[in-house]
>>> print(open('target.txt').read())   # compact mmCIF, C-alpha atoms
# COMPACT_ATOMS: atom_id res chain seq x y z
CA MET A 190 39.21 12.42 -13.87
CA LYS A 191 39.60 10.41 -17.04
CA THR A 192 41.51 12.15 -19.81
CA HIS A 193 42.66 10.85 -23.15
CA ALA A 194 44.82 11.89 -26.07
CA ARG A 195 46.24 10.22 -29.19
CA SER A 196 49.74 8.73 -28.73
CA SER A 197 52.79 10.23 -30.46
CA THR A 198 53.38 7.10 -32.51
CA SER A 199 55.09 8.95 -35.37
CA ILE A 200 58.17 9.46 -33.14
CA LEU A 201 58.14 6.29 -31.05
CA LEU A 202 57.19 3.64 -33.61
CA PRO A 203 60.55 3.47 -35.51
CA ILE A 204 62.38 3.10 -32.18
CA LEU A 205 60.05 0.30 -31.06
CA LEU A 206 60.46 -1.53 -34.35
CA LEU A 207 64.24 -1.37 -34.11
CA LEU A 208 64.20 -2.61 -30.53
CA ALA A 209 62.00 -5.52 -31.62
CA GLY A 210 64.65 -6.52 -34.18
CA LEU A 211 62.34 -5.94 -37.13
CA SER A 212 63.18 -4.24 -40.38
CA ILE A 213 61.35 -1.00 -41.04
CA GLY A 214 62.48 -0.99 -44.64
CA HIS A 215 59.36 -2.88 -45.74
CA ALA A 216 56.44 -0.52 -46.41
CA GLN A 217 53.00 -1.31 -44.97
CA GLY A 218 51.28 -0.73 -48.29
CA PRO A 219 50.66 -4.35 -49.41
CA THR A 220 49.00 -5.37 -46.14
CA SER A 221 45.63 -4.17 -44.90
CA ILE A 222 45.07 -4.07 -41.13
CA PHE A 223 41.65 -3.41 -39.60
CA PRO A 224 40.95 -1.84 -37.24
CA PRO A 225 44.09 0.33 -37.40
CA GLU A 226 44.24 0.72 -33.60
CA LEU A 227 43.86 -1.25 -30.37
CA TYR A 228 41.19 -0.88 -27.68
CA SER A 229 41.26 -1.98 -24.07
CA GLY A 230 39.70 -5.43 -23.69
CA GLU A 231 39.08 -7.82 -26.57
CA ASN A 232 40.15 -7.02 -30.13
CA VAL A 233 39.78 -8.89 -33.41
CA ILE A 234 42.41 -7.72 -35.91
CA THR A 235 41.86 -8.64 -39.57
CA VAL A 236 44.98 -8.90 -41.76
CA ARG A 237 44.56 -8.96 -45.53
CA LEU A 238 47.34 -9.58 -48.09
CA ALA A 239 46.66 -10.07 -51.82
CA ALA A 240 49.78 -12.22 -52.29
CA GLY A 241 48.56 -14.70 -49.65
CA ILE A 242 49.60 -15.09 -46.01
CA ARG A 243 52.24 -17.72 -45.25
CA SER A 244 52.86 -16.73 -41.62
CA ILE A 245 52.22 -14.09 -38.97
CA THR A 246 54.34 -13.46 -35.90
CA ALA A 247 53.61 -10.90 -33.18
CA ARG A 248 55.55 -8.96 -30.61
CA SER A 249 54.00 -6.62 -28.07
CA THR A 250 54.23 -4.93 -24.72
CA ARG A 251 53.42 -7.08 -21.68
CA ASN A 252 49.90 -5.66 -21.43
CA VAL A 253 48.96 -7.00 -24.88
CA THR A 254 48.28 -10.72 -25.29
CA VAL A 255 47.74 -12.46 -28.62
CA THR A 256 45.28 -15.27 -27.89
CA GLY A 257 44.94 -16.68 -31.41
CA GLY A 258 45.42 -16.15 -35.11
CA THR A 259 49.22 -16.14 -35.50
CA GLY A 260 51.40 -18.93 -36.92
CA THR A 261 51.75 -20.58 -40.34
CA PHE A 262 48.92 -20.63 -42.90
CA ASP A 263 47.99 -21.97 -46.34
CA CYS A 264 48.39 -18.71 -48.26
CA SER A 265 44.86 -17.50 -47.63
CA THR A 266 44.44 -13.79 -48.29
CA GLN A 267 42.80 -12.98 -44.92
CA GLN A 268 43.48 -13.91 -41.30
CA ASP A 269 41.84 -12.83 -38.03
CA ILE A 270 44.02 -12.33 -34.95
CA GLN A 271 42.55 -12.31 -31.44
CA VAL A 272 44.18 -9.80 -29.12
CA PHE A 273 43.47 -8.87 -25.51
CA VAL A 274 44.64 -5.54 -24.07
CA SER A 275 44.69 -5.56 -20.27
CA THR A 276 45.10 -1.80 -19.77
CA ALA A 277 43.30 1.42 -20.60
CA SER A 278 45.80 3.76 -18.97
CA GLU A 279 49.27 2.57 -20.11
CA ARG A 280 51.09 2.73 -23.42
CA ALA A 281 50.47 -0.49 -25.38
CA TYR A 282 51.49 -1.60 -28.86
CA LEU A 283 51.46 -4.66 -31.09
CA ILE A 284 53.91 -5.30 -33.97
CA LEU A 285 52.93 -7.85 -36.61
CA GLN A 286 55.39 -9.40 -39.07
CA VAL A 287 53.46 -10.80 -42.03
CA THR A 288 55.23 -13.07 -44.58
CA ASP A 289 53.52 -13.53 -47.92
CA CYS A 290 53.65 -16.59 -50.18
CA ASN A 291 56.64 -15.09 -52.06
CA ASN A 292 58.57 -14.97 -48.77
CA LYS A 293 58.39 -11.19 -48.59
CA ARG A 294 57.98 -9.73 -45.11
CA TYR A 295 55.91 -6.75 -44.06
CA ASN A 296 55.86 -5.04 -40.66
CA ASP A 297 52.72 -3.41 -39.28
CA SER A 298 52.04 -1.86 -35.88
CA LEU A 299 49.02 -0.96 -33.80
CA THR A 300 48.88 1.11 -30.64
CA LEU A 301 46.25 1.70 -27.97
CA SER A 302 43.74 4.14 -29.46
CA THR A 303 43.39 6.19 -26.31
CA GLN A 304 45.22 6.35 -23.00
CA TRP A 305 43.00 7.20 -20.05
CA ASN A 306 43.90 8.45 -16.59
CA VAL A 307 41.99 5.99 -14.42
CA ASP A 308 40.87 7.48 -11.10
CA ARG A 309 40.48 5.99 -7.67
CA ILE A 310 37.75 7.96 -5.89
CA SER A 311 37.66 7.68 -2.10
CA TYR A 312 34.39 8.22 -0.25
CA GLY A 313 36.17 8.06 3.08
CA GLU A 314 34.18 6.96 6.12
CA VAL A 315 30.40 6.85 5.68
CA GLU A 316 28.02 6.03 8.51
CA GLN A 317 25.82 2.99 8.08
CA GLY A 318 22.40 3.97 6.74
CA SER A 319 23.69 7.18 5.13
CA THR A 320 24.27 8.01 1.47
CA ALA A 321 27.45 9.64 0.18
CA CYS A 322 27.89 11.10 -3.31
CA ARG A 323 31.08 11.88 -5.24
CA GLU A 324 31.75 13.43 -8.63
CA PHE A 325 33.33 11.38 -11.41
CA GLN A 326 34.66 13.00 -14.58
CA ILE A 327 35.44 12.18 -18.20
CA ARG A 328 37.42 14.60 -20.34
CA ALA A 329 38.45 14.37 -23.99
CA ASP A 330 41.73 16.22 -24.58
CA GLY A 331 43.63 17.20 -27.69
CA LEU A 332 41.80 16.70 -30.98
CA ALA A 333 39.88 13.61 -29.87
CA THR A 334 36.14 13.43 -29.25
CA ALA A 335 34.73 10.69 -27.04
CA ILE A 336 31.25 9.19 -27.20
CA LEU A 337 30.06 7.80 -23.86
CA ASP A 338 27.56 5.02 -24.59
CA SER A 339 26.71 3.95 -21.04
CA ILE A 340 27.93 3.58 -17.46
CA SER A 341 27.59 0.29 -15.60
CA ILE A 342 28.00 -0.44 -11.90
CA ASP A 343 27.31 -3.92 -10.60
CA ASP A 344 26.31 -2.91 -7.09
CA PRO A 345 22.69 -2.49 -5.86
CA ASN A 346 23.83 0.10 -3.29
CA ILE A 347 24.92 2.58 -5.95
CA VAL A 348 22.76 5.17 -7.72
CA LEU A 349 23.97 7.12 -10.75
CA LYS A 350 22.93 10.75 -11.15
CA LEU A 351 23.52 11.82 -14.76
CA PRO A 352 23.04 15.40 -16.04
CA VAL A 353 21.77 14.12 -19.43
CA GLN A 354 20.62 10.87 -20.95
CA LEU A 355 23.23 8.61 -22.52
CA PRO A 356 24.77 8.20 -25.03
CA VAL A 357 26.43 11.61 -25.08
CA ARG A 358 29.20 13.09 -27.24
CA ILE A 359 32.00 14.73 -25.24
CA PRO A 360 33.86 17.28 -27.40
CA ALA A 361 37.59 17.73 -27.09
CA GLY A 362 38.51 19.80 -24.06
CA VAL A 363 35.08 19.41 -22.41
CA THR A 364 34.69 17.73 -19.02
CA PHE A 365 31.63 15.51 -18.52
CA THR A 366 30.76 15.29 -14.82
CA TYR A 367 28.35 12.90 -13.17
CA ARG A 368 27.62 11.81 -9.60
CA VAL A 369 27.85 8.36 -8.09
CA CYS A 370 25.99 7.93 -4.80
CA TYR A 371 26.73 5.04 -2.42
CA LYS A 372 24.08 3.86 0.05
CA ALA A 373 26.03 2.51 2.99
CA ASP A 374 24.63 -0.77 4.34
CA ASN A 375 27.05 -3.43 5.60
CA LEU A 376 29.97 -2.40 7.77
CA GLY A 377 33.50 -2.59 6.46
CA TYR A 378 35.66 -1.68 3.48
CA ARG A 379 34.10 -1.74 0.02
CA LYS A 380 35.66 -1.32 -3.43
CA PHE A 381 33.58 -1.06 -6.60
CA PRO A 382 34.36 -0.36 -10.26
CA VAL A 383 32.56 2.38 -12.18
CA VAL A 384 32.76 1.21 -15.80
CA THR A 385 32.31 3.75 -18.59
CA TRP A 386 31.68 2.27 -22.02
CA ILE A 387 33.37 4.38 -24.71
CA ARG A 388 32.35 3.95 -28.34
CA ARG A 389 34.98 2.47 -30.69
CA GLU A 390 35.86 4.56 -33.69
CA TYR A 391 36.26 1.34 -35.70
CA PRO A 392 33.70 -1.29 -34.65
CA THR A 393 34.63 -4.85 -35.55
CA ALA A 394 33.46 -8.40 -34.85
CA GLY A 395 30.28 -7.09 -33.22
CA LYS A 396 32.18 -4.96 -30.70
CA THR A 397 31.06 -1.32 -30.70
CA ASN A 398 32.55 0.00 -27.45
CA TYR A 399 35.20 -0.72 -24.85
CA ALA A 400 35.39 -0.47 -21.08
CA VAL A 401 37.34 2.02 -18.99
CA ALA A 402 36.97 1.52 -15.24
CA ASP A 403 37.45 3.97 -12.40
CA THR A 404 37.34 2.61 -8.86
CA GLY A 405 35.39 3.84 -5.86
CA THR A 406 36.31 2.93 -2.28
CA VAL A 407 34.30 3.44 0.89
CA ILE A 408 34.57 2.47 4.55
CA VAL A 409 31.17 1.94 6.19
CA ILE A 410 31.34 2.67 9.92
CA PRO A 411 28.74 2.20 12.67
CA ARG A 412 26.13 4.89 13.02
CA SER A 413 26.71 7.36 15.83
CA PRO A 414 23.91 7.36 18.40
CA ASP A 415 23.38 11.10 18.03
CA THR A 416 23.61 11.19 14.23
CA ALA A 417 20.63 12.75 12.47
CA GLU A 418 18.31 10.64 10.35
CA PRO A 419 19.14 10.07 6.67
CA GLU A 420 18.58 13.08 4.42
CA ILE A 421 15.15 13.44 2.82
CA THR A 422 14.02 15.44 -0.22
CA ASP A 423 10.84 17.32 -0.97
CA PRO A 424 8.86 14.84 -3.12
CA THR A 425 6.88 17.61 -4.86
CA THR A 426 9.69 19.38 -6.74
CA PHE A 427 7.56 19.40 -9.94
CA ARG A 428 5.83 22.64 -8.83
CA SER A 429 6.62 25.88 -7.02
CA ILE A 430 3.30 26.20 -5.17
CA ALA A 431 0.51 25.57 -7.69
CA VAL A 432 1.92 26.28 -11.17
CA PRO A 433 3.86 23.44 -12.89
CA ASN A 434 7.59 24.03 -13.41
CA ALA A 435 10.13 22.19 -15.63
CA ILE A 436 10.74 19.19 -13.32
CA ILE A 437 9.38 15.69 -14.07
CA PRO A 438 9.08 13.10 -11.24
CA LYS A 439 10.83 9.76 -11.56
CA GLN A 440 9.10 7.19 -13.76
CA GLY A 441 6.22 5.46 -12.01
CA ARG A 442 5.59 8.20 -9.43
CA PHE A 443 1.93 9.10 -8.86
CA PHE A 444 0.63 12.06 -6.86
CA VAL A 445 -2.66 13.52 -5.68
CA GLY A 446 -3.21 16.86 -4.00
CA SER A 447 -5.72 19.35 -2.73
CA TYR A 448 -5.57 23.16 -2.77
CA ASP A 449 -7.76 25.07 -0.31
CA LEU A 450 -9.82 21.87 0.13
CA LEU A 451 -11.92 22.34 -3.04
CA GLY A 452 -9.18 22.29 -5.70
CA LEU A 453 -7.91 18.84 -6.66
CA THR A 454 -4.85 17.80 -8.67
CA ALA A 455 -3.26 14.52 -9.72
CA GLY A 456 -0.45 13.33 -11.95
CA TYR A 457 1.53 10.31 -13.09
CA ALA A 458 5.09 10.09 -14.48
CA VAL A 459 4.88 7.85 -17.55
CA THR A 460 8.67 8.09 -18.02
CA ASP A 461 11.46 10.16 -16.50
CA ASN A 462 10.67 12.78 -19.17
CA LEU A 463 6.85 12.66 -19.50
CA MET A 464 3.97 13.06 -17.07
CA VAL A 465 0.19 13.44 -17.34
CA LEU A 466 -1.70 15.97 -15.21
CA ALA A 467 -5.31 16.43 -14.17
CA ALA A 468 -6.96 19.06 -12.01
CA GLY A 469 -10.41 20.25 -11.03
CA ALA A 470 -12.65 22.04 -8.57
CA LEU A 471 -15.48 20.18 -6.92
CA PRO A 472 -18.94 21.48 -7.93
CA LEU A 473 -20.54 22.57 -4.67
CA PRO A 474 -24.05 23.99 -5.30
CA ASP A 475 -25.16 26.45 -2.66
CA ASP A 476 -28.64 24.92 -2.65
CA TRP A 477 -27.16 21.87 -0.92
CA GLY A 478 -27.44 24.14 2.06
CA GLY A 479 -30.63 25.78 0.83
CA VAL A 480 -29.06 29.18 0.15
CA ASN A 481 -28.62 30.60 -3.36
CA GLY A 482 -29.04 27.66 -5.71
CA GLU A 483 -25.74 28.32 -7.54
CA MET A 484 -23.13 25.87 -8.74
CA PHE A 485 -19.56 26.19 -10.01
CA GLY A 486 -17.22 23.45 -11.27
CA ALA A 487 -13.99 23.11 -13.26
CA TYR A 488 -11.75 20.34 -14.57
CA SER A 489 -8.72 19.95 -16.86
CA ILE A 490 -6.31 17.34 -18.21
CA GLY A 491 -2.96 17.59 -19.97
CA ALA A 492 0.64 16.43 -20.22
CA LYS A 493 4.13 17.82 -19.62
CA ALA A 494 7.44 16.70 -21.18
CA GLY A 495 10.74 17.80 -19.66
CA LEU A 496 14.48 17.44 -20.16
CA PRO A 497 17.53 18.25 -17.99
CA LEU A 498 20.07 20.47 -19.75
CA GLY A 499 22.87 20.12 -17.22
CA GLY A 500 24.31 22.77 -14.95
CA GLY A 501 21.13 22.82 -12.85
CA PHE A 502 18.85 23.82 -15.76
CA ASN A 503 15.69 21.97 -16.81
CA VAL A 504 13.18 22.82 -19.53
CA ALA A 505 9.68 21.51 -20.18
CA VAL A 506 6.73 22.05 -22.50
CA GLY A 507 3.14 21.12 -21.80
CA TYR A 508 -0.46 21.38 -22.84
CA GLN A 509 -3.58 21.60 -20.71
CA TRP A 510 -7.22 21.42 -21.76
CA GLY A 511 -9.82 22.67 -19.30
CA ARG A 512 -13.43 23.66 -18.82
CA SER A 513 -15.33 25.59 -16.16
CA ILE A 514 -19.09 26.02 -15.68
CA TYR A 515 -21.31 28.33 -13.64
CA ASP A 516 -25.03 27.63 -13.30
CA LYS A 517 -27.99 29.08 -11.42
CA GLU A 518 -30.89 26.88 -10.47
CA GLY A 519 -33.49 29.48 -11.43
CA THR A 520 -32.49 29.72 -15.12
CA ASP A 521 -32.86 27.32 -18.05
CA ALA A 522 -29.31 27.73 -19.43
CA LEU A 523 -25.79 27.80 -18.09
CA GLU A 524 -24.74 31.28 -16.99
CA SER A 525 -21.20 30.59 -18.17
CA ARG A 526 -19.08 27.90 -19.76
CA ILE A 527 -15.40 28.51 -20.54
CA THR A 528 -13.28 26.08 -22.56
CA ILE A 529 -9.50 26.53 -22.45
CA ASN A 530 -6.64 25.18 -24.57
CA ALA A 531 -3.34 26.21 -22.99
CA PRO A 532 0.12 25.31 -24.33
CA TYR A 533 2.96 26.33 -22.02
CA GLY A 534 6.71 26.17 -21.49
CA SER A 535 8.79 26.22 -18.33
CA ILE A 536 12.41 26.67 -17.36
CA SER A 537 13.87 25.88 -13.93
CA TYR A 538 17.27 26.43 -12.36
CA GLY A 539 18.61 24.94 -9.16
CA ASP A 540 18.32 21.67 -7.28
CA ASP A 541 15.76 19.95 -5.06
CA ASP A 542 16.75 22.12 -2.08
CA SER A 543 16.53 25.47 -3.87
CA ARG A 544 15.00 26.16 -7.27
CA LEU A 545 13.71 29.14 -9.29
CA SER A 546 11.22 28.58 -12.13
CA ALA A 547 9.38 30.57 -14.76
CA THR A 548 6.36 29.33 -16.71
CA PHE A 549 4.87 30.97 -19.79
CA ALA A 550 1.49 29.97 -21.24
CA TYR A 551 -1.11 31.23 -23.65
CA ALA A 552 -4.70 30.31 -22.85
CA PHE A 553 -7.08 30.14 -25.81
CA LYS A 554 -10.41 30.69 -24.05
CA ARG A 555 -13.87 30.20 -25.60
CA HIS A 556 -16.56 31.81 -23.46
CA LEU A 557 -20.23 30.79 -23.76
CA LYS A 558 -22.97 32.83 -22.09
CA PRO A 559 -26.73 32.94 -22.70
CA GLY A 560 -27.18 34.46 -26.16
CA GLN A 561 -23.51 35.10 -26.84
CA GLU A 562 -20.25 33.27 -27.53
CA PHE A 563 -16.83 34.93 -27.77
CA ASP A 564 -13.08 34.41 -27.37
CA GLU A 565 -11.16 35.87 -24.46
CA ASP A 566 -7.56 34.67 -24.90
CA ALA A 567 -5.02 35.43 -22.20
CA MET A 568 -1.27 35.41 -21.69
CA VAL A 569 -0.10 33.72 -18.48
CA VAL A 570 3.26 34.35 -16.82
CA ALA A 571 4.23 32.75 -13.52
CA VAL A 572 7.47 33.00 -11.56
CA GLY A 573 8.05 30.94 -8.44
CA GLY A 574 10.55 29.10 -6.36
CA ASP A 575 11.32 27.41 -3.08
CA HIS A 576 14.24 27.32 -0.65
CA ARG A 577 15.03 24.78 2.03
CA ILE A 578 15.44 26.17 5.55
CA GLY A 579 15.47 22.96 7.60
CA ARG A 580 15.31 19.19 7.53
CA HIS A 581 11.54 19.15 6.92
CA TRP A 582 10.89 22.77 5.95
CA LYS A 583 10.93 25.04 2.91
CA LEU A 584 9.75 28.52 2.09
CA ALA A 585 7.94 28.84 -1.26
CA GLY A 586 6.66 31.77 -3.28
CA GLU A 587 4.84 32.37 -6.53
CA ILE A 588 3.50 35.33 -8.52
CA VAL A 589 1.06 34.82 -11.39
CA SER A 590 -0.05 37.28 -14.05
CA VAL A 591 -3.08 36.35 -16.16
CA GLU A 592 -4.58 38.75 -18.69
CA SER A 593 -8.25 39.49 -17.94
CA LEU A 594 -8.08 37.99 -14.43
CA GLY A 595 -8.20 41.39 -12.80
CA VAL A 596 -5.67 40.69 -10.07
CA VAL A 597 -2.02 39.63 -9.87
CA PRO A 598 -1.90 37.18 -6.95
CA ILE A 599 1.28 36.77 -4.92
CA LEU A 600 1.48 33.56 -2.88
CA ALA A 601 3.85 32.75 -0.02
CA THR A 602 3.85 29.53 2.01
CA ALA A 603 5.81 27.54 4.53
CA ARG A 604 6.09 23.91 3.44
CA TYR A 605 6.44 20.91 5.71
CA PHE A 606 7.54 17.77 3.85
CA THR A 607 8.50 14.16 4.35
CA ASP A 608 9.64 11.71 1.67
CA ARG A 609 5.96 10.99 0.82
CA TYR A 610 3.98 14.24 1.17
CA ALA A 611 4.20 18.02 1.42
CA LEU A 612 1.86 20.41 3.27
CA ASP A 613 1.80 24.16 2.49
CA PHE A 614 0.43 26.84 4.81
CA GLY A 615 0.45 30.49 3.79
CA LEU A 616 -1.28 33.55 2.40
CA GLY A 617 -2.08 35.01 -0.97
CA TYR A 618 -2.01 38.77 -1.54
CA VAL A 619 -4.62 39.93 -4.09
CA GLY A 620 -4.24 43.68 -3.62
CA ILE A 621 -2.58 44.23 -7.03
CA THR A 622 -5.43 44.80 -9.48
CA THR A 623 -5.64 45.43 -13.22
CA GLY A 624 -8.26 47.08 -15.41
CA ASP A 625 -11.46 48.11 -13.61
CA THR A 626 -11.10 45.56 -10.82
CA LYS A 627 -11.52 47.04 -7.36
CA THR A 628 -9.11 46.22 -4.59
CA PRO A 629 -10.73 43.93 -1.98
CA LYS A 630 -11.25 45.31 1.49
CA ILE A 631 -9.20 42.46 2.87
CA PRO A 632 -6.58 41.67 0.19
CA LEU A 633 -5.36 38.47 1.87
CA VAL A 634 -6.61 34.93 1.28
CA PRO A 635 -5.47 31.69 2.91
CA VAL A 636 -3.37 29.22 0.89
CA ILE A 637 -3.48 25.64 2.16
CA SER A 638 -2.43 22.60 0.17
CA GLY A 639 -1.45 18.98 0.60
CA VAL A 640 0.27 16.88 -2.07
CA PHE A 641 0.87 13.16 -1.55
CA VAL A 642 3.32 11.13 -3.68
CA PHE A 643 3.25 7.35 -4.12
>>> encode(input="target.txt", output="structure tokens")
Amino acid sequence: MKTHARSSTSILLPILLLLAGLSIGHAQGPTSIFPPELYSGENVITVRLAAGIRSITARSTRNVTVTGGTGTFDCSTQQDIQVFVSTASERAYLILQVTDCNNKRYNDSLTLSTQWNVDRISYGEVEQGSTACREFQIRADGLATAILDSISIDDPNIVLKLPVQLPVRIPAGVTFTYRVCYKADNLGYRKFPVVTWIRREYPTAGKTNYAVADTGTVIVIPRSPDTAEPEITDPTTFRSIAVPNAIIPKQGRFFVGSYDLLGLTAGYAVTDNLMVLAAGALPLPDDWGGVNGEMFGAYSIGAKAGLPLGGGFNVAVGYQWGRSIYDKEGTDALESRITINAPYGSISYGDDDSRLSATFAYAFKRHLKPGQEFDEDAMVVAVGGDHRIGRHWKLAGEIVSVESLGVVPILATARYFTDRYALDFGLGYVGITTGDTKTPKIPLVPVISGVFVF
């Protein structure tokens, strides 16, 4: 865990100055030093003195190196000093003695802005072909607040799993936790830095952040002959069974699916936080078989935007436009046409192995029948979830309440999945009715679906 707190320079600085053989009787008022603190890595310190600078000398701890900018000058009023700090976890200070063109001396000091506890995270032994994940932490202690700009890892075998998008502000006393997953490939010992880039409170010379590096270590061992295959994840976590939840697939993912053979669905993740959705029901006129001469069809299109909140929570909002038609061959006009505008919101809690979701929508429905046109708006509430019970298996459930539908369907399925598709087999119970709807003689209907992800 990284932690940081401001140094107690008010107590230590006079002692350090005395040890350095410098007089502390000269006030720092006439000189201007910017930035007023040091950061790990490269620093450019600007010294300004209205009386002109004749010379600058520097003394420091061993982890601070002055690479340029000290010496004797021509009484210019400004001088840049290049300083490199080789630590982020140890106490470091720099003392500057500035002599003006009247031979007056001034002593100024700078200390490391923040001291971090740098961690060494061991992954232990990981079998070749497997993936191991560990938690890394950043914590801002005391009165300080840290801003994490980014995290960089120069290793193609590593995947970061962040709870929120960066940059992120980490308040004092709050621990920011993220996961670093290592995909074991070549055998042997591996060591890799995990570099967090912390924003500088005083940017200068084009430098806006500084690096603090934890270290991960792993030993990749041969795969045991009887070891199970690498872990796989349900690729269709963006739904419970049929109703969208708050999860967005990774950018670039595309999926197509079929529900009970006639219902079709498709989607594409434009970004990690936005996807487009389309659905429909194939129009299958009965008179193709020479029976009743009736036809029904439906289609819709929309989009969903989602965001992880951390702690296993995700939220999303979406909008879906749709239309359905019903027509009889023996009449001159459509028997029914319904146009729907449906905004909705979803919240999900859990992970890809077990998740509970709730979706709330309001469907603005415009109903057109021969000789009449009217609105029949409806509130929609759906609650669903899934739970992993095996390497390739989940159980999933969903209950949907739609005003004016007449029934409250309850769906339950067993889901078989690989890393590319998921197949659901189950039943829907339609014995809960509302209004004047009569309970069916057989209140069970089959639920079969297949969703394929590319």
>>> residues_around(input="target.txt", residues="region 609-618 of chain A", least_positions_apart="2", cutoff="8 Å", atoms="only C-alpha atoms", output="number ranges by chain")
A: 423-425, 598-607, 620-621, 632-643
>>> atom_distance(input="target.txt", atom1="CA of Leu451 (chain A)", atom2="CA of Tyr515 (chain A)")
15.4 Å
>>> closest_residue(input="target.txt", among="A:Ala240, A:Leu376, A:Leu496, A:Leu299", to="Glu314 (chain A)", atoms="all atoms listed in the file")
A:Leu376
>>> residues_around(input="target.txt", residues="region 534-544 of chain A", least_positions_apart="4", cutoff="6 Å", atoms="all atoms listed in the file", output="PyMOL selection string")
chain A and resi 434-435+501-506+548-549+574-577
>>> atom_distance(input="target.txt", atom1="CA of Ile529 (chain A)", atom2="CA of Met484 (chain A)")
19.3 Å
>>> residues_around(input="target.txt", residues="Ala400 (chain A)", least_positions_apart="5", cutoff="8 Å", atoms="all atoms listed in the file", output="number ranges by chain")
A: 229-230, 384-387
>>> closest_residue(input="target.txt", among="A:Gly260, A:Ala470, A:Ile347, A:Trp582", to="Asp449 (chain A)", atoms="all atoms listed in the file")
A:Ala470
>>> residues_near_point(input="target.txt", point="(-0.9, 30.4, -20.3)", cutoff="9 Å", atoms="only C-alpha atoms", output="MDAnalysis selection string")
chainID A and resid 530:534 548:553 567:571 591
>>> closest_residue(input="target.txt", among="A:Lys493, A:Lys583, A:Arg237, A:Lys517", to="Ile436 (chain A)", atoms="all atoms listed in the file")
A:Lys493
>>> atom_distance(input="target.txt", atom1="CA of Arg526 (chain A)", atom2="CA of Leu557 (chain A)")
5.1 Å
>>> residues_around(input="target.txt", residues="Leu238 (chain A)", least_positions_apart="5", cutoff="7 Å", atoms="only C-alpha atoms", output="list in words")
Pro219, Thr220, Ser221, Thr266 and Gln267 of chain A
>>> residues_around(input="target.txt", residues="Val383 (chain A)", least_positions_apart="6", cutoff="7 Å", atoms="only C-alpha atoms", output="tab-separated table (two decimals) with C-alpha atoms, in the frame of the given file")
chain	number	residue	atom	x	y	z
A	341	SER	CA	27.59	0.29	-15.60
A	342	ILE	CA	28.00	-0.44	-11.90
A	402	ALA	CA	36.97	1.52	-15.24
A	403	ASP	CA	37.45	3.97	-12.40
A	404	THR	CA	37.34	2.61	-8.86
>>> closest_residue(input="target.txt", among="A:Gly446, A:Pro356, A:Pro559, A:Gly257", to="Ser525 (chain A)", atoms="all atoms listed in the file")
A:Pro559
>>> residues_near_point(input="target.txt", point="(20.8, 7.9, 5.7)", cutoff="7 Å", atoms="all atoms listed in the file", output="list in words")
Gly318, Ser319, Thr320, Glu418, Pro419 and Glu420 of chain A
>>> closest_residue(input="target.txt", among="A:Leu301, A:Ala487, A:Leu351, A:Ile430", to="Ser513 (chain A)", atoms="only C-alpha atoms")
A:Ala487
>>> axis_aligned_box(input="target.txt", around="region 278-284 of chain A", padding_each_side="8 Å", output="AutoDock Vina command-line options")
--center_x 49.9 --center_y -0.8 --center_z -26.5 --size_x 24.1 --size_y 25.1 --size_z 31.0
>>> closest_residue(input="target.txt", among="A:Val596, A:Ile336, A:Val459, A:Ile421", to="Phe365 (chain A)", atoms="all atoms listed in the file")
A:Ile336
